[in-house]
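As provided, input.cif (mmCIF, C-alpha atoms) reads as follows.
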data_coords
#
loop_
_atom_site.label_atom_id
_atom_site.label_comp_id
_atom_site.auth_asym_id
_atom_site.auth_seq_id
_atom_site.Cartn_x
_atom_site.Cartn_y
_atom_site.Cartn_z
CA MET A 1 -34.47 197.62 15.74
CA PRO A 2 -32.31 199.10 12.90
CA GLU A 3 -32.25 202.88 12.63
CA THR A 4 -33.92 202.85 9.20
CA ALA A 5 -36.80 200.75 10.61
CA VAL A 6 -37.21 203.16 13.53
CA SER A 7 -37.17 206.12 11.13
CA SER A 8 -39.78 204.45 8.91
CA SER A 9 -41.96 203.66 11.93
CA ASN A 10 -41.76 207.26 13.21
CA LYS A 11 -42.57 208.60 9.75
CA ASN A 12 -45.62 206.34 9.48
CA LEU A 13 -46.66 207.32 13.01
CA PHE A 14 -46.66 210.97 11.93
CA ILE A 15 -48.58 210.08 8.74
CA LEU A 16 -51.20 208.20 10.78
CA HIS A 17 -51.67 211.11 13.21
CA PHE A 18 -51.99 213.50 10.26
CA THR A 19 -54.49 211.15 8.56
CA VAL A 20 -56.62 210.91 11.72
CA PHE A 21 -56.45 214.70 12.03
CA ILE A 22 -57.75 214.95 8.44
CA TRP A 23 -60.60 212.56 9.28
CA GLY A 24 -61.46 214.79 12.23
CA PHE A 25 -61.43 217.80 9.87
CA THR A 26 -64.04 216.07 7.66
CA GLY A 27 -66.77 217.05 10.11
CA ILE A 28 -65.73 220.71 9.89
CA LEU A 29 -66.06 220.62 6.11
CA GLY A 30 -69.48 218.99 6.50
CA ALA A 31 -70.61 221.95 8.59
CA LEU A 32 -69.04 224.55 6.25
CA ILE A 33 -70.49 223.15 2.99
CA SER A 34 -73.93 224.64 2.43
CA ILE A 35 -75.57 221.86 0.35
CA ASN A 36 -77.53 218.99 1.92
CA ALA A 37 -76.01 215.69 3.08
CA VAL A 38 -77.05 213.52 0.11
CA GLN A 39 -75.83 216.06 -2.45
CA MET A 40 -72.59 216.54 -0.49
CA VAL A 41 -71.82 212.81 -0.36
CA TRP A 42 -72.60 212.48 -4.07
CA TYR A 43 -69.99 215.12 -4.90
CA ARG A 44 -67.58 213.60 -2.36
CA VAL A 45 -67.62 210.09 -3.84
CA LEU A 46 -67.62 211.44 -7.39
CA ILE A 47 -64.42 213.42 -6.72
CA ALA A 48 -62.85 210.64 -4.62
CA THR A 49 -63.55 207.92 -7.20
CA ALA A 50 -62.12 210.07 -10.01
CA THR A 51 -59.05 210.92 -7.89
CA LEU A 52 -58.34 207.28 -7.00
CA PHE A 53 -58.87 206.20 -10.61
CA LEU A 54 -56.34 208.82 -11.72
CA TYR A 55 -53.94 207.59 -9.00
CA PHE A 56 -54.22 204.01 -10.27
CA MET A 57 -53.67 205.11 -13.86
CA LEU A 58 -50.58 207.21 -13.02
CA SER A 59 -49.10 204.49 -10.78
CA LYS A 60 -50.03 201.84 -13.38
CA THR A 61 -51.79 199.79 -10.71
CA SER A 62 -54.05 196.98 -11.91
CA ILE A 63 -57.60 197.28 -10.57
CA LYS A 64 -58.74 193.94 -11.95
CA VAL A 65 -60.96 191.88 -9.63
CA THR A 66 -63.25 188.88 -10.07
CA LYS A 67 -66.96 189.32 -10.79
CA LYS A 68 -67.80 188.04 -7.29
CA GLN A 69 -65.36 190.49 -5.67
CA PHE A 70 -66.70 193.37 -7.77
CA LEU A 71 -70.28 192.67 -6.64
CA GLN A 72 -69.21 192.32 -2.98
CA TYR A 73 -67.35 195.63 -3.03
CA PHE A 74 -70.06 197.38 -5.05
CA PHE A 75 -72.89 196.38 -2.70
CA THR A 76 -70.77 197.21 0.38
CA GLY A 77 -70.46 200.67 -1.18
CA SER A 78 -74.19 201.19 -0.50
CA ILE A 79 -73.52 200.86 3.26
CA VAL A 80 -70.54 203.23 2.98
CA ALA A 81 -72.81 205.75 1.23
CA LEU A 82 -75.47 205.39 3.94
CA HIS A 83 -72.83 205.93 6.64
CA TRP A 84 -71.58 209.16 5.08
CA VAL A 85 -75.09 210.53 4.41
CA LEU A 86 -76.13 209.86 8.02
CA PHE A 87 -72.85 211.36 9.31
CA PHE A 88 -73.22 214.63 7.42
CA HIS A 89 -76.96 214.82 8.12
CA ALA A 90 -76.18 214.51 11.84
CA ILE A 91 -73.81 217.48 11.55
CA LYS A 92 -76.42 219.52 9.69
CA VAL A 93 -79.11 218.98 12.36
CA SER A 94 -76.85 219.11 15.45
CA THR A 95 -73.16 219.99 15.84
CA VAL A 96 -69.78 218.53 14.88
CA SER A 97 -69.02 217.66 18.52
CA VAL A 98 -72.29 215.78 19.07
CA THR A 99 -71.85 213.86 15.81
CA LEU A 100 -68.24 212.85 16.44
CA VAL A 101 -68.94 211.64 19.98
CA CYS A 102 -71.93 209.61 18.74
CA LEU A 103 -69.72 208.19 15.98
CA SER A 104 -67.42 206.85 18.71
CA SER A 105 -70.16 204.34 19.59
CA PHE A 106 -68.65 202.37 16.68
CA THR A 107 -66.76 200.48 19.41
CA LEU A 108 -70.02 199.50 21.13
CA PHE A 109 -71.63 198.24 17.93
CA THR A 110 -68.47 196.34 16.96
CA ALA A 111 -68.30 194.64 20.37
CA ILE A 112 -71.90 193.44 19.92
CA LEU A 113 -72.18 192.73 16.18
CA GLU A 114 -68.78 191.22 15.33
CA PRO A 115 -69.16 188.21 17.66
CA LEU A 116 -72.74 187.68 16.42
CA ILE A 117 -71.81 187.85 12.73
CA LYS A 118 -68.63 185.79 13.11
CA LYS A 119 -70.30 183.43 15.63
CA LYS A 120 -67.89 184.10 18.48
CA ALA A 121 -68.53 184.45 22.21
CA ILE A 122 -69.15 187.92 23.64
CA HIS A 123 -66.68 188.54 26.50
CA LYS A 124 -67.69 190.10 29.82
CA GLY A 125 -65.19 192.92 29.27
CA ASP A 126 -66.92 193.79 25.97
CA ILE A 127 -70.26 193.99 27.78
CA PHE A 128 -68.77 196.29 30.46
CA ILE A 129 -67.22 198.61 27.86
CA GLY A 130 -70.56 198.60 26.03
CA LEU A 131 -72.50 199.54 29.18
CA VAL A 132 -70.13 202.47 29.85
CA ILE A 133 -70.68 203.74 26.28
CA ILE A 134 -74.46 203.31 26.64
CA LEU A 135 -74.36 205.37 29.85
CA GLY A 136 -72.41 208.08 28.01
CA ILE A 137 -74.97 208.09 25.17
CA TYR A 138 -77.81 208.31 27.74
CA LEU A 139 -76.21 211.40 29.32
CA ILE A 140 -75.85 213.09 25.93
CA PHE A 141 -79.51 212.33 25.10
CA LYS A 142 -80.58 213.66 28.51
CA PHE A 143 -78.63 216.92 28.45
CA GLU A 144 -78.67 217.68 24.70
CA SER A 145 -82.27 216.69 23.90
CA GLN A 146 -82.55 219.51 21.34
CA TYR A 147 -80.16 217.49 19.18
CA THR A 148 -82.11 214.22 19.37
CA LEU A 149 -82.34 213.85 15.57
CA GLY A 150 -78.61 214.52 15.22
CA ILE A 151 -77.79 212.00 17.97
CA ILE A 152 -79.94 209.31 16.32
CA SER A 153 -78.36 210.05 12.91
CA GLY A 154 -74.84 209.97 14.45
CA LEU A 155 -75.52 206.63 16.17
CA SER A 156 -77.00 205.24 12.94
CA ALA A 157 -73.88 206.40 11.07
CA ALA A 158 -71.75 204.52 13.62
CA LEU A 159 -73.87 201.39 13.14
CA ALA A 160 -73.49 201.56 9.34
CA SER A 161 -69.73 202.10 9.78
CA THR A 162 -69.54 199.02 12.01
CA ILE A 163 -71.34 196.86 9.46
CA PHE A 164 -69.13 197.76 6.50
CA SER A 165 -65.99 197.55 8.66
CA ILE A 166 -66.89 193.98 9.71
CA ILE A 167 -67.55 193.11 6.06
CA ASN A 168 -64.22 194.68 5.06
CA SER A 169 -62.36 192.70 7.74
CA THR A 170 -63.32 189.62 5.69
CA LEU A 171 -62.90 191.16 2.23
CA ILE A 172 -59.41 192.51 3.03
CA HIS A 173 -57.98 188.99 2.60
CA GLN A 174 -59.15 188.91 -1.03
CA SER A 175 -57.52 192.06 -2.45
CA GLU A 176 -55.54 195.21 -1.61
CA ALA A 177 -57.32 197.68 0.67
CA LYS A 178 -56.99 200.55 -1.84
CA ILE A 179 -58.59 198.43 -4.59
CA ILE A 180 -61.46 197.51 -2.27
CA GLY A 181 -61.81 201.18 -1.28
CA PHE A 182 -61.95 202.29 -4.92
CA TYR A 183 -64.75 199.89 -5.84
CA GLU A 184 -66.65 200.66 -2.64
CA MET A 185 -66.50 204.39 -3.42
CA ALA A 186 -67.59 203.68 -6.99
CA GLY A 187 -70.42 201.59 -5.57
CA ALA A 188 -71.35 204.41 -3.19
CA LEU A 189 -71.45 206.79 -6.17
CA PHE A 190 -73.69 204.39 -8.10
CA TRP A 191 -76.21 203.92 -5.27
CA ILE A 192 -76.43 207.62 -4.42
CA THR A 193 -76.83 208.44 -8.12
CA LEU A 194 -79.65 205.88 -8.30
CA TYR A 195 -81.30 207.46 -5.24
CA ARG A 196 -80.95 210.98 -6.65
CA LEU A 197 -82.43 209.87 -9.97
CA ALA A 198 -85.38 208.32 -8.13
CA ASP A 199 -86.12 211.45 -6.05
CA GLY A 200 -85.57 213.70 -9.09
CA THR A 201 -82.85 215.92 -7.56
CA LEU A 202 -80.12 214.77 -9.96
CA LEU A 203 -82.27 215.67 -12.97
CA HIS A 204 -82.20 219.27 -11.75
CA GLU A 205 -78.53 219.30 -10.70
CA THR A 206 -77.00 222.45 -12.20
CA PHE A 207 -73.55 222.19 -10.54
CA ASP A 208 -74.16 225.85 -9.77
CA ILE A 209 -72.79 225.91 -6.23
CA SER A 210 -70.66 228.57 -4.58
CA LEU A 211 -66.91 228.80 -5.09
CA HIS A 212 -66.42 228.12 -1.38
CA ASP A 213 -68.47 224.91 -1.62
CA TRP A 214 -66.45 223.76 -4.65
CA LEU A 215 -63.23 224.40 -2.75
CA TYR A 216 -64.43 222.54 0.37
CA LEU A 217 -65.84 219.65 -1.72
CA THR A 218 -62.54 219.31 -3.59
CA ILE A 219 -60.63 219.13 -0.30
CA LEU A 220 -63.22 216.68 1.07
CA GLY A 221 -63.06 214.39 -1.98
CA THR A 222 -59.30 214.44 -2.58
CA ILE A 223 -57.38 215.06 0.66
CA CYS A 224 -59.98 213.89 3.22
CA THR A 225 -61.16 210.85 1.28
CA ALA A 226 -58.88 209.53 -1.49
CA LEU A 227 -55.49 210.66 -0.12
CA ALA A 228 -56.33 209.94 3.53
CA TYR A 229 -57.56 206.47 2.61
CA VAL A 230 -54.37 205.52 0.73
CA ALA A 231 -52.19 207.04 3.48
CA GLY A 232 -54.15 205.29 6.22
CA VAL A 233 -53.69 201.92 4.56
CA SER A 234 -49.97 202.37 3.80
CA VAL A 235 -48.94 202.97 7.45
CA MET A 236 -50.32 199.59 8.52
CA ARG A 237 -47.26 197.90 7.01
CA THR A 238 -45.01 199.05 9.87
CA LEU A 239 -47.38 199.97 12.73
CA SER A 240 -49.14 197.42 14.92
CA ALA A 241 -52.93 197.09 14.77
CA PHE A 242 -53.00 198.09 18.46
CA ARG A 243 -51.19 201.39 17.86
CA VAL A 244 -53.34 202.12 14.80
CA ALA A 245 -56.50 201.51 16.86
CA LEU A 246 -55.35 203.79 19.69
CA ILE A 247 -54.39 206.67 17.39
CA THR A 248 -57.54 206.31 15.26
CA ASN A 249 -59.56 206.85 18.44
CA LEU A 250 -58.17 210.40 18.53
CA GLU A 251 -60.42 211.35 15.58
CA PRO A 252 -63.31 212.71 17.71
CA VAL A 253 -60.82 214.49 20.01
CA TYR A 254 -59.11 216.23 17.08
CA GLY A 255 -62.49 216.97 15.49
CA ILE A 256 -64.01 218.50 18.63
CA ILE A 257 -60.95 220.71 19.20
CA ILE A 258 -60.95 221.91 15.56
CA ALA A 259 -64.73 222.49 15.69
CA PHE A 260 -64.35 224.65 18.79
CA ILE A 261 -61.63 226.69 17.03
CA PHE A 262 -63.80 227.14 13.91
CA PHE A 263 -67.27 227.57 15.43
CA GLY A 264 -66.59 228.71 19.01
CA SER A 265 -69.72 229.07 21.16
CA LYS A 266 -71.84 226.98 18.76
CA GLU A 267 -69.81 223.95 19.84
CA THR A 268 -70.08 224.73 23.56
CA MET A 269 -72.21 222.07 25.27
CA THR A 270 -73.70 221.43 28.70
CA PRO A 271 -71.62 219.77 31.46
CA GLY A 272 -73.79 216.68 30.97
CA PHE A 273 -72.61 216.37 27.37
CA TYR A 274 -68.96 216.48 28.43
CA MET A 275 -69.62 213.88 31.16
CA GLY A 276 -71.12 211.59 28.52
CA ALA A 277 -68.32 212.36 26.07
CA VAL A 278 -65.64 211.54 28.66
CA LEU A 279 -67.34 208.21 29.43
CA ILE A 280 -67.62 207.27 25.73
CA LEU A 281 -64.11 208.40 24.74
CA GLY A 282 -62.61 206.83 27.86
CA ALA A 283 -64.24 203.50 27.02
CA VAL A 284 -63.14 203.81 23.39
CA PHE A 285 -59.51 204.36 24.41
CA LEU A 286 -59.58 201.56 26.98
CA TYR A 287 -61.06 199.07 24.52
CA PRO A 288 -57.92 198.33 22.42
CA ILE A 289 -55.83 198.11 25.62
CA TYR A 290 -58.30 195.61 27.09
CA LYS A 291 -58.39 193.61 23.81
CA LYS A 292 -54.59 193.44 23.69
CA ARG A 293 -54.40 192.12 27.26
CA GLN A 294 -57.20 189.68 26.51
CA SER A 295 -55.32 188.27 23.50
CA LYS A 296 -52.20 187.79 25.65
CA GLY A 297 -54.23 186.00 28.31
#

Would you give me this structure, written as structure tokens?
Amino acid sequence: MPETAVSSSNKNLFILHFTVFIWGFTGILGALISINAVQMVWYRVLIATATLFLYFMLSKTSIKVTKKQFLQYFFTGSIVALHWVLFFHAIKVSTVSVTLVCLSSFTLFTAILEPLIKKKAIHKGDIFIGLVIILGIYLIFKFESQYTLGIISGLSAALASTIFSIINSTLIHQSEAKIIGFYEMAGALFWITLYRLADGTLLHETFDISLHDWLYLTILGTICTALAYVAGVSVMRTLSAFRVALITNLEPVYGIIIAFIFFGSKETMTPGFYMGAVLILGAVFLYPIYKKRQSKG
């Protein structure tokens, strides 16, 4: 491999690690921001949509899509919005660590739903990985029962994430990922705005939130959402899907470590939780290795 190609690959590897680290930091911001989950996601997608729109204008990137594509992206945005609301709600009613480990069940839901939706056979290895993750989830439920609502919300967030990821795996062949992301965020903003109009909270929105919340929301909407999304997509040009999958699985690990640094004893769990976490994260890391060997076989 030429030296320039190696240099580019190493640079993108660093960018991907940094991006995954930022994703892990998202949970910390969710815990630090004092407003509720729905309000938080509304601000997040508002800032992220505006940031991406500005990026497209400055880079003179065309965001033109067909009517069919627009509707597909826009409606998928409703699932993205649901995922984020459930994710931040889980953090509010439990802890960052519990939420991030539950979010790792994305692998389980993908192993089950993707073959069903795309009408493919479910492999025995997928079932085994799934059973290990289910055992891990059972242990967390058993030993952290005080966080039952947070665990259910975290698992539901993972399910929503799986659904829109499977949809995006089909949509990605129609347009650039960043264009799809922009319209999905705009769609998320529309659906949350509709919800907030229906429950009356938006009619009383004063934008009178603390300076700290504004700072955290700005970081969440720009760096952790718009910038991280564009960066995450760009590295896929030189890194293999396998390497991307492995490094992306570090998100809960980074997040749990950062949460412990920020919140200390609040993030300390029972031994049963860590047993469950090790089972889930171990299965999540083994999954892309197993899939790669399966594709070679």

Spatial neighbours of Leu82 of chain A, 10 Å, all atoms listed in the file, chain gap at least 5 places, as a ChimeraX atom specification:
/A:38,41,77,87,156-157,160-161,188,191-192

Can you list, as a VMD selection string, the residues that the PyMOL selection byres ((chain A and resi 37) around 8) selects here?
chain A and resid 35 to 36 38 to 41 85 to 86 88 to 89 92

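Proximity to Leu220 of chain A was assessed for A:Leu16, A:Ile137, A:Leu246, A:Leu29 counting only C-alpha atoms; the smallest distance is recorded for A:Leu29.
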
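Closest approach to Leu171 of chain A among A:Thr225, A:Thr206, A:Thr76, A:Thr201: A:Thr76, based on only C-alpha atoms.
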
Can you tell me, as a PyMOL selection string, what residues are no more than 12 Å from Phe75 of chain A when counting only C-alpha atoms, ignoring any on the same chain fewer than 2 positions away?
chain A and resi 68-73+77-82+164+167-168+180+183-192

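Nearest-residue note for Leu227 of chain A: choosing from A:Leu13, A:Leu197, A:Val20, A:Val93, the minimum distance belongs to A:Val20, counting all atoms listed in the file.
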
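Among the candidates A:Tyr195, A:Tyr290, A:Trp84, A:Tyr274, the one nearest to Val98 of chain A when counting all atoms listed in the file is A:Tyr274.
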
Residue with smallest distance to Arg44 of chain A - pool A:Asp213, A:Glu251, A:Asp208, A:Glu144, counting only C-alpha atoms:
A:Asp213

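Here atom CA of Phe273 of chain A stands at a distance of 6.1 Å from atom CA of Phe143 of chain A.
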
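Using all atoms listed in the file, the set of residues no farther than 10 Å from the position (-59.0, 213.0, 8.0) comprises Leu16, His17, Phe18, Thr19, Val20, Phe21, Ile22, Trp23, Gly24, Phe25, Thr26, Gly27, Leu220, Ile223, Cys224, Thr225, Leu227, Ala228, Tyr229, Gly232, Thr248, Glu251, Tyr254 and Gly255 of chain A.
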
Taking the file as shown, what set of residues would the PyMOL selection byres ((chain A and resi 62) around 12) give back, as an NGL selection string?
:A and (53 or 55-61 or 63-65 or 175-176 or 178-179 or 182)

Name the residues that the PyMOL selection byres ((chain A and resi 114) around 12) pulls out of this structure, and write them as a JSON list (two decimals) with C-alpha atoms, keeping the file's coordinate frame.
[["chain", "number", "residue", "atom", "x", "y", "z"],
["A", 106, "PHE", "CA", -68.65, 202.37, 16.68],
["A", 107, "THR", "CA", -66.76, 200.48, 19.41],
["A", 108, "LEU", "CA", -70.02, 199.50, 21.13],
["A", 109, "PHE", "CA", -71.63, 198.24, 17.93],
["A", 110, "THR", "CA", -68.47, 196.34, 16.96],
["A", 111, "ALA", "CA", -68.30, 194.64, 20.37],
["A", 112, "ILE", "CA", -71.90, 193.44, 19.92],
["A", 113, "LEU", "CA", -72.18, 192.73, 16.18],
["A", 115, "PRO", "CA", -69.16, 188.21, 17.66],
["A", 116, "LEU", "CA", -72.74, 187.68, 16.42],
["A", 117, "ILE", "CA", -71.81, 187.85, 12.73],
["A", 118, "LYS", "CA", -68.63, 185.79, 13.11],
["A", 119, "LYS", "CA", -70.30, 183.43, 15.63],
["A", 120, "LYS", "CA", -67.89, 184.10, 18.48],
["A", 121, "ALA", "CA", -68.53, 184.45, 22.21],
["A", 122, "ILE", "CA", -69.15, 187.92, 23.64],
["A", 123, "HIS", "CA", -66.68, 188.54, 26.50],
["A", 126, "ASP", "CA", -66.92, 193.79, 25.97],
["A", 159, "LEU", "CA", -73.87, 201.39, 13.14],
["A", 162, "THR", "CA", -69.54, 199.02, 12.01],
["A", 163, "ILE", "CA", -71.34, 196.86, 9.46],
["A", 164, "PHE", "CA", -69.13, 197.76, 6.50],
["A", 165, "SER", "CA", -65.99, 197.55, 8.66],
["A", 166, "ILE", "CA", -66.89, 193.98, 9.71],
["A", 167, "ILE", "CA", -67.55, 193.11, 6.06],
["A", 168, "ASN", "CA", -64.22, 194.68, 5.06],
["A", 169, "SER", "CA", -62.36, 192.70, 7.74],
["A", 170, "THR", "CA", -63.32, 189.62, 5.69]]
